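These notes concern the structure reproduced below.
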Amino acid sequence: MYLIDQHAAAERINYEKIMAKLKEKPVLVDLLVPFKIELSKDEFLIAKDHIDMLKEYGFDIDDFGFNSYVVRKYPNWIDEDKALDCIKKIFDIICDKKEFDFDKFVWRMAATTACRMSVMANEYISLEEQQWILDNIRKCENPFTCPHGRPTIITYTKYDLEKLFKRSLD
């Protein structure tokens with residue numbers, strides 16, 4: 001018997017999709033109404049040092065008054081309905097630590113965005129969505145864990161089940 005964590009599996013699928021997209025030239029989504037991201041003074045100054053990096057990844061971001069930024073475009077690897085939440089989280093990641101590590105930032109940006117875009121725990125998904133997860137988890141380079149290391153699939157053998165029900169002879 002196989003049990004699949006629908007969130008962890010979807011997160012792995014989204015993570016690998018995002019990592020692949022980060023290596024390509026970004027396709028941008030234009031916002032009809034730009035997002036405003038407000039930060040503390042310290043966060044604003046930390047983010048200011050990394051705005052050019054975000055622009056390289058396809059974000060159209062500019063200063064907007066005191067301690068805030070306006071986002072006019074974002075890369076299409078972010079789902080439209082989760083865009084504001086994901087972009088705020090990316091700013092949180094940038095501002096999280098005093099010492100910035102580019103490789104850790106890219107990993108955290110991809111992993112966190114993948115998490116936010118995935119089906120949530122205990123959320124009902126249709127049979128088609130279940131099939132999509134099954135079809136796509138098979139295509140992943142590492143289908144057995146989410147980017148944070150949690151298992152996507154656990155297995156119970158017949159012996160494991162018999163043992164759980166105290167039916168095994170051992």
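Just so we're on the same page: first chain in the structure tokens is A, next is B, and so on; residues restart at 1 for each chain, and ligands are numbered from 1 in the order they show up.
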Legend entry - Residues within 10 Å of A:Val106, only C-alpha atoms, excluding chain neighbours under 3 positions, as a ChimeraX atom specification: /A:19,22,90,93,101-103,109-112
Distance table requested - stretch 63-102 of chain A against stretch 115-139 of chain A, cut-off 12 Å, only C-alpha atoms: one row per qualifying residue with the closest atom pair and its distance in Å to one decimal, ordered by chain and rising residue number, as a tab-separated table.
residue	atom	partner	partner_atom	distance
A:Trp77	CA	A:Met117	CA	9.9
A:Ile78	CA	A:Met117	CA	7.6
A:Asp79	CA	A:Met117	CA	6.5
A:Glu80	CA	A:Met117	CA	9.5
A:Asp81	CA	A:Met117	CA	8.7
A:Lys82	CA	A:Met117	CA	6.4
A:Ala83	CA	A:Met117	CA	8.9
A:Leu84	CA	A:Arg116	CA	10.7
A:Asp85	CA	A:Arg116	CA	7.8
A:Cys86	CA	A:Arg116	CA	6.7
A:Ile87	CA	A:Arg116	CA	10.5
A:Lys88	CA	A:Arg116	CA	11.2
A:Lys89	CA	A:Arg116	CA	9.2
A:Ile90	CA	A:Arg116	CA	11.1
Restrict the selected residues to all heavy atoms and save them as a compact mmCIF listing (two decimals), in the first residue's frame.
# COMPACT_ATOMS: atom_id res chain seq x y z
N TRP A 77 6.37 31.79 -13.54
CA TRP A 77 6.42 30.55 -12.76
C TRP A 77 5.71 30.69 -11.42
O TRP A 77 5.55 29.73 -10.70
CB TRP A 77 7.86 30.03 -12.59
CG TRP A 77 8.90 31.00 -12.16
CD1 TRP A 77 9.81 31.63 -12.96
CD2 TRP A 77 9.18 31.44 -10.83
NE1 TRP A 77 10.62 32.45 -12.22
CE2 TRP A 77 10.27 32.34 -10.90
CE3 TRP A 77 8.62 31.17 -9.58
CZ2 TRP A 77 10.80 32.97 -9.78
CZ3 TRP A 77 9.16 31.79 -8.46
CH2 TRP A 77 10.23 32.67 -8.56
N ILE A 78 5.26 31.89 -11.12
CA ILE A 78 4.45 32.11 -9.92
C ILE A 78 2.99 32.10 -10.35
O ILE A 78 2.60 32.82 -11.26
CB ILE A 78 4.79 33.46 -9.25
CG1 ILE A 78 6.25 33.48 -8.79
CG2 ILE A 78 3.84 33.74 -8.09
CD1 ILE A 78 6.71 34.81 -8.23
N ASP A 79 2.18 31.27 -9.69
CA ASP A 79 0.75 31.21 -10.01
C ASP A 79 0.09 32.56 -9.74
O ASP A 79 0.34 33.19 -8.71
CB ASP A 79 0.04 30.14 -9.16
CG ASP A 79 0.33 28.74 -9.63
OD1 ASP A 79 0.90 28.57 -10.73
OD2 ASP A 79 -0.01 27.79 -8.88
N GLU A 80 -0.77 32.97 -10.66
CA GLU A 80 -1.43 34.27 -10.57
C GLU A 80 -2.19 34.46 -9.27
O GLU A 80 -2.11 35.52 -8.64
CB GLU A 80 -2.36 34.44 -11.77
CG GLU A 80 -3.01 35.79 -11.85
CD GLU A 80 -3.91 35.92 -13.07
OE1 GLU A 80 -3.76 35.14 -14.03
OE2 GLU A 80 -4.77 36.81 -13.05
N ASP A 81 -2.93 33.44 -8.84
CA ASP A 81 -3.75 33.60 -7.64
C ASP A 81 -2.93 33.59 -6.34
O ASP A 81 -3.46 33.92 -5.29
CB ASP A 81 -4.85 32.53 -7.59
CG ASP A 81 -4.31 31.12 -7.59
OD1 ASP A 81 -3.21 30.89 -8.10
OD2 ASP A 81 -5.01 30.23 -7.05
N LYS A 82 -1.65 33.24 -6.42
CA LYS A 82 -0.79 33.22 -5.22
C LYS A 82 0.35 34.24 -5.33
O LYS A 82 1.24 34.26 -4.49
CB LYS A 82 -0.16 31.83 -5.05
CG LYS A 82 -1.12 30.68 -5.13
CD LYS A 82 -1.69 30.34 -3.81
CE LYS A 82 -2.61 29.16 -4.02
NZ LYS A 82 -2.99 28.39 -3.02
N ALA A 83 0.31 35.08 -6.35
CA ALA A 83 1.44 35.96 -6.66
C ALA A 83 1.80 36.91 -5.52
O ALA A 83 2.97 36.98 -5.13
CB ALA A 83 1.16 36.75 -7.94
N LEU A 84 0.84 37.63 -4.98
CA LEU A 84 1.16 38.60 -3.93
C LEU A 84 1.76 37.90 -2.72
O LEU A 84 2.78 38.34 -2.18
CB LEU A 84 -0.08 39.40 -3.53
CG LEU A 84 0.14 40.45 -2.43
CD1 LEU A 84 1.21 41.46 -2.84
CD2 LEU A 84 -1.17 41.15 -2.10
N ASP A 85 1.16 36.80 -2.30
CA ASP A 85 1.67 36.03 -1.16
C ASP A 85 3.10 35.55 -1.42
O ASP A 85 3.97 35.68 -0.57
CB ASP A 85 0.74 34.85 -0.88
CG ASP A 85 1.16 34.03 0.32
OD1 ASP A 85 1.56 34.62 1.34
OD2 ASP A 85 1.10 32.79 0.23
N CYS A 86 3.34 35.02 -2.61
CA CYS A 86 4.67 34.51 -2.96
C CYS A 86 5.70 35.63 -3.00
O CYS A 86 6.83 35.47 -2.51
CB CYS A 86 4.64 33.77 -4.29
SG CYS A 86 3.76 32.20 -4.23
N ILE A 87 5.35 36.76 -3.58
CA ILE A 87 6.29 37.87 -3.69
C ILE A 87 6.61 38.43 -2.31
O ILE A 87 7.77 38.73 -2.01
CB ILE A 87 5.74 38.96 -4.64
CG1 ILE A 87 5.70 38.39 -6.07
CG2 ILE A 87 6.59 40.23 -4.59
CD1 ILE A 87 4.93 39.22 -7.07
N LYS A 88 5.62 38.54 -1.45
CA LYS A 88 5.88 38.98 -0.06
C LYS A 88 6.83 38.02 0.63
O LYS A 88 7.74 38.42 1.36
CB LYS A 88 4.58 39.08 0.73
CG LYS A 88 3.76 40.30 0.41
CD LYS A 88 2.49 40.34 1.26
CE LYS A 88 1.67 41.56 0.99
NZ LYS A 88 0.44 41.60 1.80
N LYS A 89 6.63 36.73 0.40
CA LYS A 89 7.49 35.72 1.02
C LYS A 89 8.91 35.81 0.48
O LYS A 89 9.87 35.63 1.23
CB LYS A 89 6.90 34.32 0.80
CG LYS A 89 7.55 33.28 1.64
CD LYS A 89 7.37 33.57 3.12
CE LYS A 89 8.11 32.55 3.95
NZ LYS A 89 8.23 32.95 5.35
N ILE A 90 9.07 36.12 -0.79
CA ILE A 90 10.41 36.29 -1.37
C ILE A 90 11.12 37.47 -0.70
O ILE A 90 12.31 37.38 -0.36
CB ILE A 90 10.33 36.46 -2.90
CG1 ILE A 90 9.92 35.12 -3.53
CG2 ILE A 90 11.65 36.96 -3.48
CD1 ILE A 90 9.53 35.20 -5.00
Inset, instruction - Using backbone DSSP assignments, extract all alpha helix (DSSP H) residues from chain A; output them as a PyMOL selection string. - result: chain A and resi 6-22+41-48+51-56+83-96+102-117+127-137+158-164
Per DSSP on the backbone, what are the strand (DSSP E) residues of stretch 14-143 of chain A, as a CSV table (one decimal) with N, CA and C atoms, in the first residue's frame?
chain,number,residue,atom,x,y,z
A,28,LEU,N,7.2,37.2,-18.4
A,28,LEU,CA,6.7,38.1,-17.4
A,28,LEU,C,5.2,38.2,-17.5
A,29,VAL,N,4.6,38.4,-16.3
A,29,VAL,CA,3.1,38.7,-16.2
A,29,VAL,C,3.0,40.1,-15.8
A,30,ASP,N,2.3,40.9,-16.7
A,30,ASP,CA,2.0,42.3,-16.4
A,30,ASP,C,0.9,42.4,-15.4
A,31,LEU,N,1.0,43.3,-14.4
A,31,LEU,CA,-0.1,43.5,-13.5
A,31,LEU,C,-0.9,44.7,-13.9
A,32,LEU,N,-2.2,44.6,-14.0
A,32,LEU,CA,-3.0,45.7,-14.3
A,32,LEU,C,-3.0,46.7,-13.2
A,33,VAL,N,-3.0,46.2,-11.9
A,33,VAL,CA,-2.9,47.0,-10.7
A,33,VAL,C,-1.6,46.5,-10.0
A,34,PRO,N,-0.6,47.2,-10.0
A,34,PRO,CA,0.7,46.8,-9.3
A,34,PRO,C,0.5,46.5,-7.9
A,35,PHE,N,1.4,45.6,-7.4
A,35,PHE,CA,1.4,45.2,-5.9
A,35,PHE,C,2.3,46.2,-5.2
A,36,LYS,N,1.9,46.6,-4.0
A,36,LYS,CA,2.7,47.5,-3.2
A,36,LYS,C,3.2,46.6,-2.0
A,37,ILE,N,4.5,46.6,-1.8
A,37,ILE,CA,5.1,45.8,-0.8
A,37,ILE,C,5.7,46.8,0.2
A,38,GLU,N,5.2,46.8,1.4
A,38,GLU,CA,5.7,47.7,2.5
A,38,GLU,C,6.6,46.9,3.4
A,60,ASP,N,9.7,43.2,-12.1
A,60,ASP,CA,9.8,44.6,-12.4
A,60,ASP,C,9.4,45.3,-11.1
A,61,ILE,N,10.5,45.8,-10.4
A,61,ILE,CA,10.3,46.3,-9.1
A,61,ILE,C,11.0,47.7,-9.0
A,62,ASP,N,10.3,48.6,-8.4
A,62,ASP,CA,10.9,49.9,-8.1
A,62,ASP,C,10.6,50.5,-6.7
A,63,ASP,N,11.4,51.4,-6.3
A,63,ASP,CA,11.1,52.1,-5.0
A,63,ASP,C,9.7,52.8,-5.2
A,68,SER,N,8.9,51.2,0.8
A,68,SER,CA,8.0,50.3,0.1
A,68,SER,C,8.5,50.2,-1.4
A,69,TYR,N,8.0,49.1,-2.0
A,69,TYR,CA,8.3,48.8,-3.4
A,69,TYR,C,7.0,48.6,-4.1
A,70,VAL,N,7.1,48.9,-5.4
A,70,VAL,CA,5.9,48.6,-6.3
A,70,VAL,C,6.4,47.5,-7.3
A,71,VAL,N,5.6,46.4,-7.4
A,71,VAL,CA,5.9,45.3,-8.3
A,71,VAL,C,4.9,45.5,-9.5
A,72,ARG,N,5.5,45.7,-10.7
A,72,ARG,CA,4.6,45.9,-11.9
A,72,ARG,C,4.5,44.6,-12.7
A,73,LYS,N,5.6,43.8,-12.6
A,73,LYS,CA,5.6,42.5,-13.4
A,73,LYS,C,6.3,41.4,-12.5
A,74,TYR,N,5.9,40.2,-12.7
A,74,TYR,CA,6.6,39.1,-12.0
A,74,TYR,C,6.7,37.9,-13.0
A,75,PRO,N,7.6,37.0,-12.8
A,75,PRO,CA,7.8,35.9,-13.7
A,75,PRO,C,6.6,34.9,-13.6
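Closest to A:Trp107 among A:Leu39, A:Tyr159, A:Lys48, A:Ile94 is A:Ile94, based on only C-alpha atoms.
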Legend entry - Nearest-residue call for A:Thr157, choices A:Ile46, A:Ala20, A:Ala8, A:Leu3, using only C-alpha atoms: A:Leu3
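One finds atom CA of A:Asp49 at 11.8 Å from atom CA of A:Glu99.
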Inset, instruction - Can you pull out every residue within 9 Å of A:Glu43, counting only C-alpha atoms, but drop anything in the same chain fewer than 5 positions away, and send it as a list in words? - result: Lys48, Asn67, Phe91, Asp92, Ile94, Cys95 and Asp96 of chain A
Legend entry - Test item: residues at most 12 Å from A:Leu169, only C-alpha atoms, excluding those fewer than 5 positions along its chain, as a list in words: Tyr159, Asp160, Glu162, Lys163 and Leu164 of chain A
